[in-house]
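Q: Below: one structure in structure tokens.
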Amino acid sequence: MPGKKRQRTEDTPVLYEKRVTRSQLEGERKAKKAKEEEDAVKERQRLWEERQAEIRGRHPDPVGDCGDGNLYVAFVEVGQGDFAVMSTPGGKVIVFDGGSLSTDDEDAGGKMNPESKTAFTKRLHSVLTDEKFLGNRNVIDILILTHPDSDHYNKLAAVLGDRYTIDKCYHSGNFDKYSVAKTSAFLDPITRIVQKVVKSHDPIEKKAVGEVTLQGKPVQAKDEENTVDRLDDEGGILILDEGKSCQISIIAAGITYEYKNDGSNDTNRGSIVTLVEANDAKVLMMGDATKNTEQFLMNTAAKRLTKLNLVQAAHHGSVLTSSSQEFVDLVDPAEAVASAGRKIPKHRHPSDDVIKRYVERLETSERPEISSHTTYVWPGLGEGKPYSYKSTQNVFSTGSRGTFIRKFGAST
């Protein structure tokens with residue numbers, strides 16, 4: 001009848017809704033998180049073992065003592081950043097930059113565990129104190145701060161500590177811009193001479209009226225008694241002179257003129273570019289130079305940049321801002337190296353286009369092949385995940401290969 005409640009009998013089934021308590025939900029969340037962390041640890045271990053296997057397969061690094069007549073250069077594995085150390089035939093030690101924003105040991109949130117952080121600093125310091133470089137010495141002859149992007153300088157205080165002094169520091173941009181980790185304040189009292197360098201005058205491009213100055217003063221021509229911090233024979237700024245065995249010149253710095261729209265900013269465009277000529281070898285240190293910087297170099301220093309022995313791929317191997325085909329064809333190097341991480345998604349360096357561009361140039365130049373090796377690269381444009389690219393040419397990334405050391409002897 002309408003309105004009459006149905007009476008439940010013993011045979012009527014009772015439906016119970018299963019309730020999940022808050023503590024159960026929290027337990028499930030913790031279990032899921034623990035599983036994800038466990039999987040992440042396993043994946044990092046797998047990648048570490050894979051990388052170590054690759055590194056063990058390479059030729060051993062050269063031995064030697066600083067000042068033994070050879071030029072040594074090391075590009076240290078720092079992830080997303082730059083840190084290079086060089087010793088000249090006469091025993092001078094030059095440090096290029098010293099920073100990192102992230103490494104392949106970090107988690108997805110960019111946090112590095114304390115053990116990895118300690119190991120990272122030790123790795124940088126161990127290269128600096130190697131017998132090929134400083135050994136037991138405590139004076140760095142030259143520090144070059146290519147530009148004030150923090151991934152190029154923010155680890156210097158941690159690596160150097162209170163152990164070292166610096167004879168000369170050359171930098172682009174204003175010195176107080178190197179402020180992350182209080183780097184400029186740290187460097188100022190331990191450095192004898194700090195000089196802002198500008199090498200931006202282009203006589204070919206009439207609109208690119210720049211300057212060639214140190215600390216705001218025009219650089220003068222060299223004479224028999226004074227060669228350092230003077231103009232070299234090709235118009236660069238000579239910062240180290242060991243006669244025929246080694247000369248080091250700054251050939252670009254503080255470029256502001258836009259030759260082309262490469263998406264770069266003044267900071268990267270103004271990066272210091274350094275040419276090292278030692279024992280008949282030529283090494284080009286590019287920092288974060290851009291296609292605009294490359295155009296300046298092609299206009300002002302093309303003759304001295306052909307047939308390089310080693311070139312640092314500019315801006316960590318970014319195809320958007322650097323390594324134009326014209327520039328790669330000009331420098332025509334025997335070897336190229338990008339300072340970049342292995343698989344850091346935030347930065348996506350190095351680009352597959354840049355690595356392949358150098359590989360293909362080496363192939364057309366009939367360079368001798370080496371054992372097949374893997375470089376982890378990112379698609380240059382749009383989306384996409386990193387992938388392993390195998391080649392038999394001397395083109396590397398520090399994230400894939402590990403710290404990269406080369407020796408150039410008198411017979412090189």
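For the structure tokens, the naming scheme is as follows: chains receive sequential letters (A, B, ...) according to their order of presentation, residues are indexed from 1 within each chain, and ligands are indexed from 1 in presentation order.
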Go through stretch 212-313 of chain A and flag each residue having an atom no more than 12 Å from stretch 187-207 of chain A; for those, report the closest pair of atoms plus their distance in Å to one decimal, using only C-alpha atoms, ordered by chain and rising number, as a Markdown table.

A:
| residue | atom | partner | partner_atom | distance |
| --- | --- | --- | --- | --- |
| A:Val212 | CA | A:Lys199 | CA | 4.5 |
| A:Thr213 | CA | A:Val198 | CA | 5.2 |
| A:Leu214 | CA | A:Val197 | CA | 4.8 |
| A:Gln215 | CA | A:Lys196 | CA | 4.9 |
| A:Gly216 | CA | A:Lys196 | CA | 7.4 |
| A:Lys217 | CA | A:Val197 | CA | 9.5 |
| A:Pro218 | CA | A:Val198 | CA | 9.4 |
| A:Val219 | CA | A:Lys199 | CA | 9.5 |
| A:Asp229 | CA | A:Val197 | CA | 10.1 |
| A:Arg230 | CA | A:Val197 | CA | 11.9 |
| A:Leu231 | CA | A:Lys199 | CA | 10.6 |
| A:Gly235 | CA | A:Lys199 | CA | 9.4 |
| A:Gly236 | CA | A:Lys199 | CA | 7.7 |
| A:Ile237 | CA | A:Lys199 | CA | 7.8 |
| A:Leu238 | CA | A:Lys199 | CA | 11.5 |
| A:Ile239 | CA | A:Val197 | CA | 10.8 |
| A:Ser249 | CA | A:Lys199 | CA | 10.7 |
| A:Ile250 | CA | A:Lys199 | CA | 7.6 |
| A:Ile251 | CA | A:Lys199 | CA | 6.5 |
| A:Ala252 | CA | A:Lys199 | CA | 4.9 |
| A:Ala253 | CA | A:Lys199 | CA | 4.7 |
| A:Gly254 | CA | A:Val198 | CA | 5.0 |
| A:Ile255 | CA | A:Ser200 | CA | 5.0 |
| A:Thr256 | CA | A:Ser200 | CA | 7.6 |
| A:Tyr257 | CA | A:Lys207 | CA | 7.9 |
| A:Glu258 | CA | A:Lys207 | CA | 9.7 |
| A:Tyr259 | CA | A:Glu205 | CA | 8.8 |
| A:Arg269 | CA | A:Ser200 | CA | 10.5 |
| A:Gly270 | CA | A:Val198 | CA | 8.4 |
| A:Ser271 | CA | A:Val198 | CA | 9.7 |
| A:Ile272 | CA | A:Val197 | CA | 8.1 |
| A:Val273 | CA | A:Lys199 | CA | 9.4 |
| A:Thr274 | CA | A:Lys199 | CA | 10.9 |
| A:Asn292 | CA | A:Ser200 | CA | 11.3 |
| A:Thr293 | CA | A:Ser200 | CA | 9.3 |
| A:Glu294 | CA | A:Ser200 | CA | 11.9 |
| A:Gln295 | CA | A:Asp202 | CA | 10.1 |
| A:Phe296 | CA | A:Asp202 | CA | 6.9 |
| A:Leu297 | CA | A:Asp202 | CA | 9.1 |
| A:Met298 | CA | A:Asp202 | CA | 10.2 |
| A:Asn299 | CA | A:Ile204 | CA | 6.4 |
| A:Thr300 | CA | A:Asp202 | CA | 6.4 |
| A:Ala301 | CA | A:Asp202 | CA | 10.1 |

Q: With a distance cut-off of 7 Å and only C-alpha atoms, select the neighbouring residues of stretch 154-169 of chain A, excluding the residue or stretch itself and same-chain residues fewer than 5 positions from it, and output the selection as a PyMOL selection string.

A: chain A and resi 98-100+121+124-125+138-144+180-181+183+186+190-195

Q: Which residues in stretch 115-328 of chain A does DSSP call strand (DSSP E)? List them as a ChimeraX atom specification.

A: /A:139-145,165-171,191-199,212-214,217-218,230-231,237-241,246-252,273-278,281-285,310-312

Q: Those same residues - C-alpha atoms - I'd like them written as a compact mmCIF listing (two decimals), in the first residue's frame.

A:
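Output file out.txt is given in full below:
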# COMPACT_ATOMS: atom_id res chain seq x y z
CA VAL A 139 97.86 30.13 -6.74
CA ILE A 140 95.58 30.18 -9.79
CA ASP A 141 97.28 32.33 -12.40
CA ILE A 142 94.18 33.32 -14.39
CA LEU A 143 90.46 33.00 -13.75
CA ILE A 144 88.17 33.74 -16.70
CA LEU A 145 84.55 34.41 -15.84
CA THR A 165 94.59 33.05 -4.27
CA ILE A 166 94.14 34.27 -7.85
CA ASP A 167 96.63 36.42 -9.71
CA LYS A 168 94.30 37.81 -12.40
CA CYS A 169 90.60 37.61 -13.13
CA TYR A 170 89.06 38.63 -16.45
CA HIS A 171 85.28 38.98 -16.63
CA THR A 191 92.39 38.23 -6.42
CA ARG A 192 95.31 40.55 -7.18
CA ILE A 193 93.87 42.10 -10.37
CA VAL A 194 90.23 42.07 -11.49
CA GLN A 195 89.56 43.41 -14.98
CA LYS A 196 86.41 43.81 -17.05
CA VAL A 197 87.22 42.99 -20.66
CA VAL A 198 85.45 44.21 -23.79
CA LYS A 199 86.48 43.07 -27.27
CA VAL A 212 88.72 46.95 -27.12
CA THR A 213 89.25 47.78 -23.47
CA LEU A 214 90.44 46.46 -20.14
CA LYS A 217 90.87 51.73 -20.84
CA PRO A 218 91.77 51.11 -24.53
CA ARG A 230 98.23 44.24 -25.00
CA LEU A 231 96.98 43.65 -28.55
CA ILE A 237 93.91 40.82 -26.30
CA LEU A 238 96.94 38.77 -25.28
CA ILE A 239 96.52 37.66 -21.66
CA LEU A 240 99.33 35.09 -21.45
CA ASP A 241 102.57 34.99 -23.40
CA CYS A 246 101.94 29.16 -25.80
CA GLN A 247 99.91 32.31 -26.32
CA ILE A 248 96.38 32.90 -25.01
CA SER A 249 94.18 35.70 -26.34
CA ILE A 250 90.67 36.95 -25.69
CA ILE A 251 89.13 37.40 -29.14
CA ALA A 252 85.56 38.36 -28.20
CA VAL A 273 85.75 33.77 -26.11
CA THR A 274 89.36 32.68 -25.61
CA LEU A 275 91.79 31.27 -28.17
CA VAL A 276 94.64 29.13 -26.84
CA GLU A 277 97.56 28.48 -29.19
CA ALA A 278 100.15 26.07 -27.80
CA ALA A 281 97.59 23.26 -31.42
CA LYS A 282 94.58 25.58 -31.23
CA VAL A 283 91.85 25.32 -28.57
CA LEU A 284 88.78 27.58 -28.59
CA MET A 285 86.87 28.23 -25.36
CA LEU A 310 89.53 21.33 -30.03
CA VAL A 311 86.46 23.53 -29.75
CA GLN A 312 84.05 23.91 -26.87

Q: When distances are computed from only C-alpha atoms, which of A:Leu134, A:Ala340, A:Ala313, A:Val331 shows the smallest separation from A:Val395?

A: A:Ala313

Q: Which residue, A:Tyr376, A:Phe96, A:Tyr178, A:Phe120, has the smallest gap to A:Val73 when you use only C-alpha atoms?

A: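 The closest residue to A:Val73 is A:Phe96.
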
Q: Would you work out the distance separating atom CA of A:Thr267 from atom CA of A:Ser323, expressed in Å to one decimal?

A: 17.1 Å

Q: May I have a table of the residues of stretch 150-188 of chain A lying at most 9 Å from stretch 77-81 of chain A, giving each one's closest pair of atoms and their distance in Å to one decimal, counting only C-alpha atoms, ordered by chain and ascending residue number, as CSV?

A:
residue,atom,partner,partner_atom,distance
A:Ser150,CA,A:Gly81,CA,8.4
A:Asp151,CA,A:Gly81,CA,4.6
A:His152,CA,A:Gly81,CA,5.6
A:Tyr153,CA,A:Gly81,CA,8.4

Q: Using atom CA of A:Ile344 and atom CA of A:Ser126 as the two end points, give the distance in Å to one decimal.

A: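 Atom-to-atom, atom CA of A:Ile344 to atom CA of A:Ser126, that is 24.0 Å.
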
Q: Please provide the set of residues having any atom within 8 Å of stretch 364-375 of chain A, restricted to only C-alpha atoms, with same-chain residues fewer than 6 positions apart removed, written as a PyMOL selection string.

A: chain A and resi 54+332+334+388-394+396-397+400-401

Q: Got a sec: who's within 8 Å of A:Asn279, counting only C-alpha atoms, leaving out chain neighbours fewer than 2 positions off, as a list in words?

A: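 Contacts, with the query itself left out: Asn70, Leu71, Lys244, Ser245, Cys246, Glu277, Ala281, Phe408, Gly409, Ala410, Ser411 and Thr412 of chain A.
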
Q: Keeping only N, CA, C and O atoms, write the selected residues to a file as a short mmCIF file (atom, residue, chain, number, x, y, z; two decimals), in the first residue's frame.

A:
data_model
loop_
_atom_site.label_atom_id
_atom_site.label_comp_id
_atom_site.auth_asym_id
_atom_site.auth_seq_id
_atom_site.Cartn_x
_atom_site.Cartn_y
_atom_site.Cartn_z
N ASN A 70 103.83 20.48 -21.92
CA ASN A 70 102.59 20.14 -22.61
C ASN A 70 101.48 21.08 -22.20
O ASN A 70 101.51 21.69 -21.13
N LEU A 71 100.47 21.19 -23.05
CA LEU A 71 99.24 21.89 -22.71
C LEU A 71 98.21 20.86 -22.30
O LEU A 71 97.97 19.90 -23.03
N LYS A 244 106.82 31.13 -28.24
CA LYS A 244 106.34 30.22 -29.27
C LYS A 244 105.59 29.01 -28.69
O LYS A 244 104.79 28.39 -29.39
N SER A 245 105.83 28.70 -27.42
CA SER A 245 105.20 27.50 -26.86
C SER A 245 103.73 27.71 -26.53
O SER A 245 102.93 26.77 -26.62
N CYS A 246 103.34 28.94 -26.16
CA CYS A 246 101.94 29.16 -25.80
C CYS A 246 101.59 30.64 -25.77
O CYS A 246 102.32 31.44 -25.17
N GLU A 277 96.67 29.00 -28.16
CA GLU A 277 97.56 28.48 -29.19
C GLU A 277 98.83 27.98 -28.50
O GLU A 277 99.59 28.77 -27.95
N ALA A 281 98.99 23.63 -31.56
CA ALA A 281 97.59 23.26 -31.42
C ALA A 281 96.77 24.51 -31.12
O ALA A 281 97.29 25.50 -30.57
N PHE A 408 98.17 18.29 -25.28
CA PHE A 408 98.74 18.71 -26.55
C PHE A 408 100.24 18.92 -26.36
O PHE A 408 100.68 19.86 -25.72
N GLY A 409 101.00 17.98 -26.93
CA GLY A 409 102.45 18.04 -26.80
C GLY A 409 103.08 18.81 -27.96
O GLY A 409 102.40 19.24 -28.89
N ALA A 410 104.38 18.94 -27.90
CA ALA A 410 105.10 19.72 -28.90
C ALA A 410 104.96 19.15 -30.30
O ALA A 410 105.05 19.86 -31.29
N SER A 411 104.66 17.85 -30.41
CA SER A 411 104.54 17.22 -31.72
C SER A 411 103.11 17.14 -32.22
O SER A 411 102.83 16.57 -33.26
N THR A 412 102.14 17.71 -31.43
CA THR A 412 100.73 17.64 -31.79
C THR A 412 100.47 18.38 -33.10
O THR A 412 100.93 19.49 -33.28
#

Q: Stretch 345-359 of chain A: which residues within 7 Å, counting only C-alpha atoms, same-chain residues fewer than 5 positions away excluded, as an mmCIF file with all heavy atoms, in the first residue's frame?

A:
data_model
loop_
_atom_site.group_PDB
_atom_site.id
_atom_site.type_symbol
_atom_site.label_atom_id
_atom_site.label_comp_id
_atom_site.auth_asym_id
_atom_site.auth_seq_id
_atom_site.Cartn_x
_atom_site.Cartn_y
_atom_site.Cartn_z
ATOM 1 N N HIS A 316 76.571 25.175 -24.195
ATOM 2 C CA HIS A 316 76.232 23.804 -23.796
ATOM 3 C C HIS A 316 75.654 22.979 -24.964
ATOM 4 O O HIS A 316 74.971 21.984 -24.737
ATOM 5 C CB HIS A 316 75.242 23.799 -22.627
ATOM 6 C CG HIS A 316 75.587 24.757 -21.542
ATOM 7 N ND1 HIS A 316 76.606 24.527 -20.654
ATOM 8 C CD2 HIS A 316 75.066 25.979 -21.220
ATOM 9 C CE1 HIS A 316 76.695 25.557 -19.819
ATOM 10 N NE2 HIS A 316 75.786 26.451 -20.151
ATOM 11 N N GLY A 317 75.927 23.412 -26.195
ATOM 12 C CA GLY A 317 75.404 22.669 -27.345
ATOM 13 C C GLY A 317 73.974 23.010 -27.697
ATOM 14 O O GLY A 317 73.250 22.178 -28.247
ATOM 15 N N SER A 318 73.545 24.243 -27.406
ATOM 16 C CA SER A 318 72.189 24.674 -27.747
ATOM 17 C C SER A 318 72.102 25.012 -29.227
ATOM 18 O O SER A 318 72.862 25.844 -29.722
ATOM 19 C CB SER A 318 71.794 25.904 -26.916
ATOM 20 O OG SER A 318 70.630 26.519 -27.431
ATOM 21 N N VAL A 319 71.162 24.399 -29.940
ATOM 22 C CA VAL A 319 71.019 24.677 -31.372
ATOM 23 C C VAL A 319 70.247 25.970 -31.603
ATOM 24 O O VAL A 319 70.366 26.592 -32.664
ATOM 25 C CB VAL A 319 70.320 23.504 -32.095
ATOM 26 C CG1 VAL A 319 68.837 23.436 -31.706
ATOM 27 C CG2 VAL A 319 70.472 23.618 -33.607
ATOM 28 N N SER A 323 76.302 27.558 -32.526
ATOM 29 C CA SER A 323 76.813 26.501 -33.415
ATOM 30 C C SER A 323 76.143 26.527 -34.786
ATOM 31 O O SER A 323 75.632 25.520 -35.275
ATOM 32 C CB SER A 323 76.649 25.119 -32.764
ATOM 33 O OG SER A 323 77.300 25.068 -31.526
ATOM 34 N N VAL A 328 80.597 26.194 -37.696
ATOM 35 C CA VAL A 328 81.150 24.838 -37.576
ATOM 36 C C VAL A 328 82.031 24.532 -38.774
ATOM 37 O O VAL A 328 83.119 23.949 -38.640
ATOM 38 C CB VAL A 328 80.014 23.802 -37.439
ATOM 39 C CG1 VAL A 328 80.560 22.382 -37.534
ATOM 40 C CG2 VAL A 328 79.270 23.994 -36.119
ATOM 41 N N ALA A 338 80.828 19.434 -25.610
ATOM 42 C CA ALA A 338 79.806 20.281 -24.999
ATOM 43 C C ALA A 338 79.773 20.009 -23.507
ATOM 44 O O ALA A 338 79.757 18.850 -23.080
ATOM 45 C CB ALA A 338 78.432 19.997 -25.610
ATOM 46 N N ALA A 340 77.607 19.762 -20.700
ATOM 47 C CA ALA A 340 76.160 19.631 -20.502
ATOM 48 C C ALA A 340 75.870 18.386 -19.689
ATOM 49 O O ALA A 340 76.703 17.488 -19.578
ATOM 50 C CB ALA A 340 75.441 19.560 -21.849
ATOM 51 N N VAL A 377 71.467 12.987 -26.290
ATOM 52 C CA VAL A 377 71.119 14.260 -26.906
ATOM 53 C C VAL A 377 69.610 14.487 -26.832
ATOM 54 O O VAL A 377 68.833 13.553 -26.631
ATOM 55 C CB VAL A 377 71.581 14.304 -28.374
ATOM 56 C CG1 VAL A 377 73.093 14.234 -28.478
ATOM 57 C CG2 VAL A 377 70.948 13.158 -29.178
ATOM 58 N N TRP A 378 69.220 15.736 -27.012
ATOM 59 C CA TRP A 378 67.810 16.126 -27.002
ATOM 60 C C TRP A 378 67.392 16.601 -28.383
ATOM 61 O O TRP A 378 68.182 17.244 -29.075
ATOM 62 C CB TRP A 378 67.580 17.264 -26.011
ATOM 63 C CG TRP A 378 67.748 16.878 -24.582
ATOM 64 C CD1 TRP A 378 68.923 16.805 -23.880
ATOM 65 C CD2 TRP A 378 66.710 16.512 -23.670
ATOM 66 N NE1 TRP A 378 68.688 16.420 -22.592
ATOM 67 C CE2 TRP A 378 67.330 16.241 -22.429
ATOM 68 C CE3 TRP A 378 65.328 16.410 -23.770
ATOM 69 C CZ2 TRP A 378 66.623 15.866 -21.301
ATOM 70 C CZ3 TRP A 378 64.603 16.035 -22.653
ATOM 71 C CH2 TRP A 378 65.250 15.765 -21.430
ATOM 72 N N PRO A 379 66.154 16.320 -28.792
ATOM 73 C CA PRO A 379 65.653 16.906 -30.039
ATOM 74 C C PRO A 379 65.748 18.421 -29.956
ATOM 75 O O PRO A 379 65.375 19.027 -28.945
ATOM 76 C CB PRO A 379 64.192 16.443 -30.093
ATOM 77 C CG PRO A 379 64.165 15.203 -29.256
ATOM 78 C CD PRO A 379 65.167 15.429 -28.163
ATOM 79 N N GLY A 380 66.270 19.038 -30.999
ATOM 80 C CA GLY A 380 66.566 20.463 -30.949
ATOM 81 C C GLY A 380 65.355 21.356 -30.858
ATOM 82 O O GLY A 380 65.405 22.412 -30.230
ATOM 83 N N GLN A 393 83.066 9.521 -34.130
ATOM 84 C CA GLN A 393 83.849 10.750 -34.279
ATOM 85 C C GLN A 393 84.072 11.381 -32.915
ATOM 86 O O GLN A 393 83.339 11.134 -31.958
ATOM 87 C CB GLN A 393 83.117 11.733 -35.202
ATOM 88 C CG GLN A 393 82.912 11.226 -36.632
ATOM 89 C CD GLN A 393 84.210 11.056 -37.398
ATOM 90 O OE1 GLN A 393 85.219 11.684 -37.067
ATOM 91 N NE2 GLN A 393 84.193 10.208 -38.421
ATOM 92 N N VAL A 395 83.325 13.755 -30.969
ATOM 93 C CA VAL A 395 82.373 14.774 -30.524
ATOM 94 C C VAL A 395 81.710 14.239 -29.263
ATOM 95 O O VAL A 395 81.111 13.155 -29.296
ATOM 96 C CB VAL A 395 81.322 15.081 -31.604
ATOM 97 C CG1 VAL A 395 80.384 16.181 -31.127
ATOM 98 C CG2 VAL A 395 81.996 15.497 -32.909
#

Q: Would you please give, as a ChimeraX atom specification, all residues of stretch 277-353 of chain A that DSSP assigns to alpha helix (DSSP H) based on the backbone?

A: /A:291-300,325-331,352-353

Q: Please produce an output containing C-alpha atoms for each residue in the selection, written as a PDB file, in the first residue's frame.

A:
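Final output, part.pdb:
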ATOM      1  CA  LYS A 291      75.325  32.938 -33.166  1.00  0.00           C
ATOM      2  CA  ASN A 292      75.811  36.692 -32.902  1.00  0.00           C
ATOM      3  CA  THR A 293      79.142  36.130 -31.141  1.00  0.00           C
ATOM      4  CA  GLU A 294      80.053  33.587 -33.808  1.00  0.00           C
ATOM      5  CA  GLN A 295      79.302  36.131 -36.538  1.00  0.00           C
ATOM      6  CA  PHE A 296      81.576  38.642 -34.805  1.00  0.00           C
ATOM      7  CA  LEU A 297      84.330  36.010 -34.732  1.00  0.00           C
ATOM      8  CA  MET A 298      83.847  35.176 -38.408  1.00  0.00           C
ATOM      9  CA  ASN A 299      84.115  38.891 -39.235  1.00  0.00           C
ATOM     10  CA  THR A 300      87.157  39.623 -37.083  1.00  0.00           C
ATOM     11  CA  GLN A 325      76.575  25.588 -39.735  1.00  0.00           C
ATOM     12  CA  GLU A 326      78.762  28.369 -41.145  1.00  0.00           C
ATOM     13  CA  PHE A 327      80.733  28.615 -37.910  1.00  0.00           C
ATOM     14  CA  VAL A 328      81.150  24.838 -37.576  1.00  0.00           C
ATOM     15  CA  ASP A 329      82.404  24.697 -41.167  1.00  0.00           C
ATOM     16  CA  LEU A 330      84.912  27.468 -40.451  1.00  0.00           C
ATOM     17  CA  VAL A 331      86.473  26.064 -37.282  1.00  0.00           C
ATOM     18  CA  ASP A 352      71.112  16.478 -31.378  1.00  0.00           C
ATOM     19  CA  ASP A 353      71.428  18.994 -34.230  1.00  0.00           C
TER      20      ASP A 353
END

Q: Which of these, A:Asn136, A:Thr103, A:Asn268, A:Ser172, has the shortest distance to A:Lys343 once you count only C-alpha atoms?

A: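 Looking at the shortest contact to A:Lys343, the residue is A:Thr103.
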
Q: Determine, counting only C-alpha atoms, which protein, DNA and RNA residues have an atom within 10 Å of an atom of A:Glu242; residues of the same chain fewer than 6 positions away are not included. Present the result as a ChimeraX atom specification.

A: /A:88-92,228,248,278

Q: From the options A:Gly67, A:Phe175, A:Ser102, A:Thr306, which residue's atoms come nearest to A:Lys132, counting only C-alpha atoms?

A: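 Under the stated criterion, the closest residue is A:Gly67.
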